[in-house]
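The data block below is structure_33.txt; it holds compact mmCIF, C-alpha atoms.
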```
# COMPACT_ATOMS: atom_id res chain seq x y z
CA GLN G 220 -13.11 -29.32 16.19
CA THR G 221 -15.02 -31.55 18.59
CA GLN G 222 -17.61 -34.31 18.28
CA GLN G 223 -19.83 -35.54 21.13
CA PHE G 224 -20.40 -39.30 21.23
CA THR G 225 -23.35 -40.87 23.07
CA ALA G 226 -23.58 -44.39 24.52
CA THR G 227 -26.94 -46.13 24.92
CA GLY G 228 -27.09 -49.34 26.98
CA THR G 229 -29.59 -52.09 26.11
CA TYR G 230 -30.57 -54.38 29.00
CA SER G 231 -31.87 -57.96 29.30
CA ASP G 232 -35.42 -56.72 29.80
CA ALA G 233 -35.14 -54.86 26.47
CA SER G 234 -35.01 -51.49 28.20
CA THR G 235 -32.47 -48.84 27.16
CA LYS G 236 -30.64 -46.11 29.02
CA ASN G 237 -28.21 -43.30 28.26
CA ILE G 238 -24.91 -44.44 29.82
CA THR G 239 -22.62 -41.89 28.16
CA ALA G 240 -21.14 -40.79 31.48
CA SER G 241 -20.93 -44.35 32.88
CA VAL G 242 -18.79 -45.98 30.19
CA THR G 243 -15.10 -45.60 29.52
CA TRP G 244 -14.36 -44.04 26.13
CA THR G 245 -11.22 -44.79 24.11
CA SER G 246 -9.68 -43.76 20.79
CA SER G 247 -7.60 -46.25 18.84
CA ASN G 248 -5.34 -43.50 17.45
CA THR G 249 -4.86 -40.49 19.71
CA GLY G 250 -2.59 -38.95 17.06
CA VAL G 251 -5.70 -38.47 14.92
CA GLY G 252 -8.34 -37.83 17.59
CA THR G 253 -8.67 -37.96 21.36
CA VAL G 254 -11.80 -38.62 23.38
CA GLY G 255 -12.71 -37.76 26.98
CA ALA G 256 -12.70 -41.05 28.89
CA THR G 257 -15.77 -40.09 30.93
CA THR G 258 -17.43 -37.58 28.62
CA GLY G 259 -17.29 -39.05 25.13
CA LEU G 260 -16.25 -35.66 23.70
CA ALA G 261 -13.80 -36.28 20.86
CA THR G 262 -11.32 -33.70 19.55
CA GLY G 263 -9.65 -33.82 16.15
CA VAL G 264 -5.84 -33.72 16.23
CA SER G 265 -4.69 -34.41 12.67
CA ALA G 266 -6.06 -35.74 9.41
CA GLY G 267 -6.93 -39.44 9.41
CA THR G 268 -9.31 -41.96 11.04
CA THR G 269 -9.59 -43.44 14.51
CA GLN G 270 -11.94 -45.95 16.13
CA ILE G 271 -14.02 -44.72 19.08
CA THR G 272 -15.35 -47.34 21.52
CA ALA G 273 -17.27 -47.34 24.81
CA THR G 274 -16.70 -49.98 27.52
CA LEU G 275 -18.74 -50.86 30.61
CA GLY G 276 -17.45 -53.85 32.56
CA ALA G 277 -16.91 -56.64 30.03
CA VAL G 278 -19.21 -55.12 27.43
CA VAL G 279 -17.53 -53.17 24.60
CA SER G 280 -19.44 -51.25 21.94
CA PRO G 281 -18.82 -51.78 18.24
CA ALA G 282 -16.16 -49.31 17.04
CA ASP G 283 -17.41 -46.04 15.55
CA THR G 284 -15.05 -44.57 12.94
CA LEU G 285 -14.18 -40.90 13.51
CA THR G 286 -12.71 -39.19 10.43
CA VAL G 287 -10.66 -36.04 10.94
CA ASN G 288 -10.48 -34.02 7.74
CA ALA G 289 -7.44 -31.96 6.80
CA ILE G 290 -7.86 -28.22 7.27
CA THR G 291 -7.32 -26.66 3.86
CA LEU G 292 -7.15 -23.11 2.59
CA GLN G 293 -10.25 -22.28 0.57
CA SER G 294 -9.78 -18.62 -0.32
CA ILE G 295 -7.63 -15.55 0.31
CA ALA G 296 -8.99 -12.06 0.89
CA THR G 297 -6.74 -9.00 0.65
CA THR G 298 -7.20 -5.57 2.20
CA PRO G 299 -7.45 -2.71 1.61
CA SER G 300 -9.67 -2.97 -1.43
CA ASN G 301 -8.64 -0.86 -4.42
CA PRO G 302 -6.47 1.72 -2.61
CA SER G 303 -4.88 4.77 -4.20
CA ILE G 304 -1.42 6.21 -3.56
CA PHE G 305 1.01 8.69 -5.07
CA GLN G 306 4.31 7.88 -6.72
CA SER G 307 6.97 6.84 -4.15
CA GLN G 308 4.31 6.31 -1.49
CA THR G 309 3.77 2.88 0.03
CA GLN G 310 0.68 0.82 0.80
CA GLN G 311 0.66 -2.20 3.13
CA PHE G 312 -1.60 -5.04 2.01
CA THR G 313 -2.93 -7.73 4.37
CA ALA G 314 -3.95 -11.26 3.40
CA THR G 315 -6.54 -13.27 5.35
CA GLY G 316 -6.86 -17.00 4.71
CA ASN G 317 -10.28 -18.65 4.94
CA TYR G 318 -10.30 -22.39 5.70
CA ASN G 319 -12.73 -25.28 5.17
CA ASP G 320 -13.47 -25.54 8.90
CA GLY G 321 -14.83 -21.99 8.90
CA SER G 322 -11.78 -20.46 10.55
CA SER G 323 -9.72 -17.57 9.23
CA LYS G 324 -6.16 -16.45 9.84
CA ASN G 325 -3.78 -13.61 8.94
CA ILE G 326 -1.38 -15.06 6.36
CA THR G 327 0.19 -11.83 5.10
CA THR G 328 3.75 -13.12 5.46
CA SER G 329 2.90 -16.67 4.32
CA VAL G 330 1.66 -15.81 0.83
CA ALA G 331 3.54 -14.73 -2.27
CA TRP G 332 2.57 -11.20 -3.33
CA ALA G 333 2.63 -10.04 -6.93
CA SER G 334 1.95 -6.90 -8.96
CA SER G 335 0.57 -7.33 -12.47
CA ASN G 336 2.32 -4.14 -13.61
CA PRO G 337 5.60 -3.39 -11.77
CA THR G 338 6.10 -0.25 -13.88
CA VAL G 339 3.11 1.23 -12.01
CA ALA G 340 3.74 -0.25 -8.56
CA THR G 341 5.97 -2.92 -7.10
CA VAL G 342 5.10 -5.11 -4.12
CA ASP G 343 7.40 -6.93 -1.72
CA ALA G 344 6.77 -10.61 -2.47
CA ALA G 345 7.15 -11.64 1.18
CA LEU G 346 5.70 -8.65 3.04
CA GLY G 347 2.90 -7.25 0.84
CA LEU G 348 4.27 -3.69 0.96
CA ALA G 349 3.53 -1.94 -2.36
CA THR G 350 5.35 1.15 -3.66
CA GLY G 351 4.02 3.52 -6.34
CA VAL G 352 6.34 3.89 -9.33
CA SER G 353 4.45 5.76 -12.03
CA PRO G 354 0.83 6.81 -12.74
CA GLY G 355 -1.50 3.97 -13.62
CA THR G 356 -3.18 0.91 -12.14
CA THR G 357 -1.96 -2.57 -11.27
CA GLN G 358 -3.53 -5.68 -9.77
CA ILE G 359 -2.10 -6.85 -6.44
CA THR G 360 -2.62 -10.54 -5.67
CA ALA G 361 -1.62 -12.98 -2.93
CA THR G 362 -0.94 -16.67 -3.62
CA GLN G 363 -0.49 -19.70 -1.39
CA GLY G 364 -0.18 -23.04 -3.12
CA THR G 365 -2.89 -23.13 -5.79
CA VAL G 366 -5.10 -20.55 -4.07
CA VAL G 367 -4.93 -17.02 -5.50
CA SER G 368 -6.74 -14.00 -4.09
CA PRO G 369 -8.93 -11.79 -6.29
CA GLY G 370 -6.90 -8.86 -7.62
CA SER G 371 -7.01 -5.62 -5.65
CA THR G 372 -6.63 -2.62 -7.96
CA LEU G 373 -3.86 -0.32 -6.74
CA THR G 374 -3.90 3.11 -8.37
CA ALA G 375 -0.70 5.16 -8.46
CA ASN G 376 -1.73 8.77 -8.94
CA SER G 377 0.21 11.48 -10.68
CA PRO G 378 1.64 14.06 -8.26
CA LEU G 379 -0.44 17.09 -7.32
CA ASN G 380 0.71 20.39 -8.83
CA PRO G 381 3.34 18.78 -11.07
CA SER G 382 6.06 20.77 -12.83
CA ILE G 383 7.74 20.00 -16.14
CA SER G 384 9.91 21.70 -18.74
CA PRO G 385 8.91 22.48 -22.33
CA ALA G 386 8.68 19.29 -24.42
CA GLN G 387 8.54 17.17 -21.27
CA THR G 388 5.43 15.09 -20.56
CA GLN G 389 3.35 14.40 -17.46
CA GLN G 390 0.79 11.61 -17.20
CA PHE G 391 -2.38 12.52 -15.32
CA ILE G 392 -4.68 9.91 -13.76
CA ALA G 393 -8.43 10.27 -13.15
CA THR G 394 -10.09 8.24 -10.39
CA GLY G 395 -13.88 8.20 -10.24
CA THR G 396 -15.69 7.90 -6.90
CA TYR G 397 -19.20 6.42 -7.02
CA ASN G 398 -22.27 6.63 -4.79
CA ASP G 399 -21.63 3.15 -3.37
CA GLY G 400 -18.24 4.28 -2.11
CA SER G 401 -16.28 2.40 -4.77
CA THR G 402 -13.55 3.93 -6.93
CA LYS G 403 -12.37 3.21 -10.45
CA ASP G 404 -9.63 4.35 -12.80
CA ILE G 405 -11.42 6.38 -15.50
CA THR G 406 -8.35 8.00 -17.07
CA THR G 407 -9.28 6.92 -20.59
CA THR G 408 -13.02 7.51 -20.09
CA VAL G 409 -12.93 11.20 -19.18
CA THR G 410 -12.22 14.14 -21.43
CA TRP G 411 -9.05 15.98 -20.48
CA ALA G 412 -8.53 19.71 -21.01
CA SER G 413 -5.78 22.27 -20.53
CA SER G 414 -6.81 25.84 -19.73
CA SER G 415 -3.92 27.20 -21.80
CA ALA G 416 -2.72 25.17 -24.77
CA THR G 417 0.06 27.71 -25.32
CA ILE G 418 1.58 26.60 -22.00
CA ALA G 419 0.73 22.89 -22.05
CA THR G 420 -1.33 20.56 -24.20
CA ILE G 421 -2.99 17.36 -23.03
CA GLY G 422 -4.33 14.32 -24.84
CA ALA G 423 -8.11 14.55 -24.55
CA ASN G 424 -8.46 10.78 -24.20
CA THR G 425 -5.11 9.88 -22.63
CA GLY G 426 -4.35 12.47 -19.93
CA LEU G 427 -0.78 12.82 -21.17
CA ALA G 428 0.28 16.48 -20.92
CA THR G 429 3.17 18.07 -22.81
CA GLY G 430 4.94 21.28 -21.82
CA VAL G 431 4.95 24.03 -24.47
CA ALA G 432 6.14 27.26 -22.85
CA ALA G 433 6.75 28.69 -19.38
CA GLY G 434 3.64 29.29 -17.29
CA ILE G 435 0.84 27.53 -15.45
CA SER G 436 -2.09 25.71 -17.04
CA GLN G 437 -5.06 24.21 -15.21
CA ILE G 438 -5.69 20.55 -16.06
CA THR G 439 -9.22 19.16 -15.65
CA ALA G 440 -11.03 15.91 -16.39
CA THR G 441 -14.73 15.81 -17.35
CA LEU G 442 -17.22 12.96 -17.50
CA GLY G 443 -20.77 13.95 -18.33
CA ALA G 444 -21.68 16.87 -16.08
CA ILE G 445 -18.95 16.11 -13.55
CA VAL G 446 -15.73 18.12 -13.75
CA SER G 447 -12.68 17.44 -11.59
CA LEU G 448 -10.93 20.05 -9.50
CA ALA G 449 -8.26 21.79 -11.54
CA ASP G 450 -4.69 20.54 -11.04
CA PRO G 451 -2.11 23.25 -11.86
CA LEU G 452 0.61 22.11 -14.24
CA THR G 453 3.67 24.34 -14.13
CA VAL G 454 5.91 24.56 -17.17
CA SER G 455 9.23 26.16 -16.26
CA THR G 456 12.28 27.05 -18.33
CA GLY G 457 14.92 26.46 -15.67
CA PRO G 458 18.70 26.36 -15.96
CA VAL G 459 20.50 23.65 -17.87
CA ASN G 460 21.59 21.96 -14.66
CA SER G 461 19.04 20.97 -12.02
CA TYR G 462 19.23 18.68 -9.06
CA THR G 463 16.41 16.48 -7.85
CA THR G 464 16.46 15.02 -4.37
CA ASN G 465 13.95 12.67 -2.79
CA PHE G 466 13.69 12.52 0.99
CA SER G 467 11.87 9.69 2.75
CA LEU G 468 10.56 11.30 5.92
CA THR G 469 10.42 8.75 8.72
CA GLU G 470 10.97 10.80 11.84
CA ASN G 471 8.90 13.17 14.01
CA PRO G 472 9.18 16.15 14.18
CA ILE G 473 11.81 18.16 12.30
CA SER G 474 13.90 20.69 14.19
CA GLU G 475 15.01 24.23 13.48
CA ALA G 476 11.46 25.35 12.71
CA GLY G 477 11.14 22.82 9.90
CA LYS G 478 13.54 24.62 7.57
CA TRP G 479 15.41 23.38 4.57
CA ILE G 480 18.60 25.46 4.32
CA ASN G 481 21.06 25.75 1.48
CA GLY G 482 24.76 25.93 2.15
CA LYS G 483 26.12 28.44 -0.39
CA ALA G 484 26.22 32.22 -0.12
CA THR G 485 25.56 32.45 -3.87
CA GLY G 486 22.16 30.89 -3.28
CA LEU G 487 19.93 28.28 -4.83
CA ASP G 488 16.48 28.52 -6.38
CA TRP G 489 13.86 26.12 -5.04
CA ALA G 490 11.35 24.86 -7.58
CA ASP G 491 9.05 21.91 -8.29
CA VAL G 492 8.43 20.97 -4.67
CA ARG G 493 5.91 18.17 -4.24
CA THR G 494 4.57 16.63 -1.06
CA THR G 495 2.24 13.81 -0.18
CA PRO G 496 -1.09 14.50 1.56
CA GLY G 497 -0.61 15.74 5.11
CA LEU G 498 2.36 17.94 4.24
CA ALA G 499 2.48 21.45 2.85
CA PHE G 500 5.27 23.45 1.26
CA GLY G 501 5.35 26.92 2.76
CA ALA G 502 6.67 30.24 1.49
CA GLN G 503 10.31 30.64 0.61
CA THR G 504 12.29 33.28 2.49
CA ALA G 505 14.90 35.43 0.77
CA THR G 506 17.83 36.74 2.80
CA ALA G 507 20.45 39.43 2.26
CA ILE G 508 23.00 37.01 0.87
CA ASN G 509 20.91 34.09 -0.35
CA ASP G 510 18.15 33.95 -2.92
CA ASP G 511 15.32 31.71 -1.74
CA SER G 512 17.68 30.39 0.89
CA THR G 513 15.10 28.82 3.15
CA ALA G 514 12.07 26.68 2.39
CA VAL G 515 9.64 25.47 5.03
CA LEU G 516 7.65 22.22 5.14
CA THR G 517 4.76 21.94 7.57
CA GLY G 518 2.32 19.21 8.50
CA THR G 519 2.22 15.82 10.17
CA TRP G 520 5.27 13.72 9.41
CA GLY G 521 4.93 9.96 9.33
CA PRO G 522 6.42 6.81 7.76
CA ASP G 523 4.43 7.21 4.54
CA GLN G 524 5.14 10.91 4.02
CA THR G 525 7.51 12.00 1.26
CA ALA G 526 8.69 15.27 -0.23
CA GLN G 527 10.35 15.83 -3.58
CA ALA G 528 12.18 19.01 -4.51
CA THR G 529 14.08 20.25 -7.55
CA VAL G 530 16.76 22.82 -6.80
CA PHE G 531 18.28 25.07 -9.45
CA THR G 532 21.55 26.97 -9.21
CA ILE G 533 21.33 30.74 -9.74
CA ASN G 534 23.91 31.00 -12.49
CA GLN G 535 23.41 27.61 -14.14
CA ASN G 536 26.82 26.52 -12.93
CA SER G 537 26.70 22.99 -11.57
CA THR G 538 29.74 23.62 -9.37
CA ILE G 539 27.67 26.03 -7.28
CA PHE G 540 25.48 23.20 -6.03
CA GLU G 541 27.37 21.74 -3.12
CA GLU G 542 24.98 21.34 -0.26
CA VAL G 543 21.27 21.13 0.42
CA GLU G 544 20.43 20.17 3.96
CA LEU G 545 17.30 18.74 5.49
CA ARG G 546 18.03 19.41 9.12
CA LEU G 547 16.33 16.88 11.36
CA ARG G 548 16.80 15.65 14.88
CA THR G 549 18.05 12.47 13.30
CA SER G 550 19.84 12.28 9.99
CA ILE G 551 18.05 11.20 6.82
CA SER G 552 19.82 10.15 3.64
CA ALA G 553 19.12 11.82 0.32
CA GLN G 554 19.63 10.60 -3.21
CA VAL G 555 20.68 13.32 -5.64
CA LYS G 556 20.78 13.02 -9.42
CA VAL G 557 21.63 15.45 -12.21
CA ILE G 558 19.01 16.12 -14.84
CA GLN G 559 20.30 17.40 -18.16
CA GLY G 560 17.54 19.36 -19.84
```

Now, as a test, write the supplied structure out as structure tokens.
Amino acid sequence: QTQQFTATGTYSDASTKNITASVTWTSSNTGVGTVGATTGLATGVSAGTTQITATLGAVVSPADTLTVNAITLQSIATTPSNPSIFQSQTQQFTATGNYNDGSSKNITTSVAWASSNPTVATVDAALGLATGVSPGTTQITATQGTVVSPGSTLTANSPLNPSISPAQTQQFIATGTYNDGSTKDITTTVTWASSSATIATIGANTGLATGVAAGISQITATLGAIVSLADPLTVSTGPVNSYTTNFSLTENPISEAGKWINGKATGLDWADVRTTPGLAFGAQTATAINDDSTAVLTGTWGPDQTAQATVFTINQNSTIFEEVELRLRTSISAQVKVIQG
């Protein structure tokens, strides 16, 4: 910051005159503040005090103390405000520091990030990159020294069109959108319903669904006169052995017409395919030697896009599952785990 000093000369006839540009200005401590020798414009350098004087010939003004205050962080603001993601998706948070001199600065990588509920979403402490873990809400905060940002509510939504087995559970999340553009987790405020309790039940006040028998049930949430769009919950009685693979899609675009291809003539059954917004799972194509051998994903692929698929073997023999390929122009790793159910 700067401070303009002014010099007024008093003469023997009692007259006065502005001599700011005629005197020579000096600062006793240029490490704290400098001053233009002919202008009197002082600039703060670091916290402390310095004496500013004006000299004309043999006449020197009394020293004027210039105090340079330390620039301190007053508050931290994080963006975006109250975002919503799906499980396994990521959300980048940004921290802006506001200082006592009125300035602001991006301090995203200078703060310590924290999630109040890591079982819902984790956040990289140094980078501010959050990852959804399970349905629910968590508060994301940024801290530097003793200054802590207000919490930003991150909602991790349950997947669209989920699929479970009998006796398995699936947590649903309800997010209310209001006329001021704000959103809020209202999972425990709405009334949940399942269109077919013989296929799946759901806790009216909790949103926790339980598979009963094979089929599809429509899950809805109601608050007053407002009813959510139905989310189909599929309950399937698949083979004993299933294989779940999660692909993180970070490349554009996929080759070979966007096909997922299995590698066994005996065939694999595709089931429980979930995608994040922007992607769609197309129709499966049967061939002469393979059952549901090809599955197609379409849409815009980007760094935050993910797809999750469960693949069942035809004859419930785990040795049949040997290869599932996601053929891309560049290779992408896949993590495969066996689910006993």

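Across G:Thr439, G:Thr408, G:Gln222, G:Gln308, the tightest approach to Gly351 of chain G is made by G:Gln308 when counting all atoms listed in the file.
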
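Across the structure, atom CA of Ser414 of chain G and atom CA of Gly443 of chain G are spaced 18.4 Å apart.
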
Go ahead and compute the interatomic distance for atom CA of Leu348 of chain G and atom CA of Val330 of chain G, in Å to one decimal.
12.4 Å

For Pro281 of chain G, which residue among G:Thr402, G:Thr245, G:Asn319, G:Ser303 is the nearest when counting only C-alpha atoms?
G:Thr245

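With all atoms listed in the file as the atoms that count, the residue of G:Thr257, G:Thr225, G:Thr341, G:Ser415 with the shortest distance to Ala433 of chain G is G:Ser415.
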
Listed atoms of segment 422-427 of chain G, axis-aligned box, 5 Å per side: centre and edge lengths to one decimal in Å, as lines of an AutoDock Vina configuration file?
```
center_x = -4.6
center_y = 12.2
center_z = -22.4
size_x = 17.7
size_y = 14.7
size_z = 14.9
```

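Coordinates place atom CA of Ala419 of chain G at a distance of 13.5 Å from atom CA of Asn380 of chain G.
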
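If you count all atoms listed in the file and draw a sphere of 12 Å around (-3.2, 24.4, -12.3), the protein and nucleic acid residues inside it come out as Leu379, Asn380, Pro381, Ser382, Ala412, Ser413, Ser414, Ser415, Ile418, Ala419, Gly434, Ile435, Ser436, Gln437, Ile438, Thr439, Ser447, Leu448, Ala449, Asp450, Pro451, Leu452, Thr453 and Val454 of chain G.
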
Each residue of segment 284-399 of chain G lying at most 9 Å from segment 249-254 of chain G should get a row with its shortest atom-to-atom pair and the distance in Å to one decimal, counting only C-alpha atoms; could you produce that, ordered by chain and increasing number, as CSV?
```
residue,atom,partner,partner_atom,distance
G:Leu285,CA,G:Gly252,CA,7.8
G:Thr286,CA,G:Val251,CA,8.4
G:Val287,CA,G:Val251,CA,6.8
```

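Minimum distance to Gln389 of chain G across G:Thr272, G:Thr441, G:Asn301, G:Ser353 (counting only C-alpha atoms) occurs at G:Ser353.
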
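The protein and nucleic acid residues lying at most 8 Å from Leu346 of chain G are Thr327, Thr328 and Trp332 of chain G, with only C-alpha atoms considered and sequence neighbours fewer than 6 positions away removed.
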
Residue selection dump (C-alpha atoms) as an mmCIF file, in the frame of the given file:
```
data_model
loop_
_atom_site.group_PDB
_atom_site.id
_atom_site.type_symbol
_atom_site.label_atom_id
_atom_site.label_comp_id
_atom_site.auth_asym_id
_atom_site.auth_seq_id
_atom_site.Cartn_x
_atom_site.Cartn_y
_atom_site.Cartn_z
ATOM 1 C CA THR G 327 0.190 -11.830 5.100
ATOM 2 C CA THR G 328 3.750 -13.120 5.460
ATOM 3 C CA TRP G 332 2.570 -11.200 -3.330
#
```

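Residue nearest Thr262 of chain G within the list G:Ser280, G:Ala289, G:Gln223, G:Ser300: G:Gln223 [criterion: smallest interatomic distance, all atoms listed in the file].
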
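Restricting the calculation to all atoms listed in the file, the smallest distance between Leu427 of chain G and any of G:Thr396, G:Ile326, G:Val409, G:Gln390 is found for G:Gln390.
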
Excluding Val339 of chain G and any residue of its chain fewer than 2 positions from it, enumerate the residues within 10 Å of it, using only C-alpha atoms, and give them as a ChimeraX atom specification.
/G:306,334-337,341,350-358,373-376

Can you tell me, as a PDB file with C-alpha atoms, in the coordinates of the input, which residues sit within 12 Å of (-1.6, -9.5, 3.7) in the file's frame, using all atoms listed in the file?
```pdb
ATOM      1  CA  ILE G 295      -7.630 -15.550   0.310  1.00  0.00           C
ATOM      2  CA  ALA G 296      -8.990 -12.060   0.890  1.00  0.00           C
ATOM      3  CA  THR G 297      -6.740  -9.000   0.650  1.00  0.00           C
ATOM      4  CA  THR G 298      -7.200  -5.570   2.200  1.00  0.00           C
ATOM      5  CA  PRO G 299      -7.450  -2.710   1.610  1.00  0.00           C
ATOM      6  CA  SER G 300      -9.670  -2.970  -1.430  1.00  0.00           C
ATOM      7  CA  GLN G 310       0.680   0.820   0.800  1.00  0.00           C
ATOM      8  CA  GLN G 311       0.660  -2.200   3.130  1.00  0.00           C
ATOM      9  CA  PHE G 312      -1.600  -5.040   2.010  1.00  0.00           C
ATOM     10  CA  THR G 313      -2.930  -7.730   4.370  1.00  0.00           C
ATOM     11  CA  ALA G 314      -3.950 -11.260   3.400  1.00  0.00           C
ATOM     12  CA  THR G 315      -6.540 -13.270   5.350  1.00  0.00           C
ATOM     13  CA  GLY G 316      -6.860 -17.000   4.710  1.00  0.00           C
ATOM     14  CA  LYS G 324      -6.160 -16.450   9.840  1.00  0.00           C
ATOM     15  CA  ASN G 325      -3.780 -13.610   8.940  1.00  0.00           C
ATOM     16  CA  ILE G 326      -1.380 -15.060   6.360  1.00  0.00           C
ATOM     17  CA  THR G 327       0.190 -11.830   5.100  1.00  0.00           C
ATOM     18  CA  THR G 328       3.750 -13.120   5.460  1.00  0.00           C
ATOM     19  CA  SER G 329       2.900 -16.670   4.320  1.00  0.00           C
ATOM     20  CA  VAL G 330       1.660 -15.810   0.830  1.00  0.00           C
ATOM     21  CA  ALA G 331       3.540 -14.730  -2.270  1.00  0.00           C
ATOM     22  CA  TRP G 332       2.570 -11.200  -3.330  1.00  0.00           C
ATOM     23  CA  ALA G 333       2.630 -10.040  -6.930  1.00  0.00           C
ATOM     24  CA  VAL G 342       5.100  -5.110  -4.120  1.00  0.00           C
ATOM     25  CA  ASP G 343       7.400  -6.930  -1.720  1.00  0.00           C
ATOM     26  CA  ALA G 344       6.770 -10.610  -2.470  1.00  0.00           C
ATOM     27  CA  ALA G 345       7.150 -11.640   1.180  1.00  0.00           C
ATOM     28  CA  LEU G 346       5.700  -8.650   3.040  1.00  0.00           C
ATOM     29  CA  GLY G 347       2.900  -7.250   0.840  1.00  0.00           C
ATOM     30  CA  LEU G 348       4.270  -3.690   0.960  1.00  0.00           C
ATOM     31  CA  ALA G 349       3.530  -1.940  -2.360  1.00  0.00           C
ATOM     32  CA  ILE G 359      -2.100  -6.850  -6.440  1.00  0.00           C
ATOM     33  CA  THR G 360      -2.620 -10.540  -5.670  1.00  0.00           C
ATOM     34  CA  ALA G 361      -1.620 -12.980  -2.930  1.00  0.00           C
ATOM     35  CA  THR G 362      -0.940 -16.670  -3.620  1.00  0.00           C
ATOM     36  CA  GLN G 363      -0.490 -19.700  -1.390  1.00  0.00           C
ATOM     37  CA  SER G 368      -6.740 -14.000  -4.090  1.00  0.00           C
ATOM     38  CA  SER G 371      -7.010  -5.620  -5.650  1.00  0.00           C
TER      39      SER G 371
END
```

Would you mind listing what lies within 10 Å of Ala416 of chain G as a VMD selection string, with all atoms listed in the file counted and same-chain residues fewer than 6 positions away left out?
chain G and resid 428 to 432 436 to 437

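Shell of segment 226-239 of chain G at 7 Å, with only C-alpha atoms counted and residues fewer than 5 places along the chain excluded, is Thr258, Gly259 and Ala273 of chain G.
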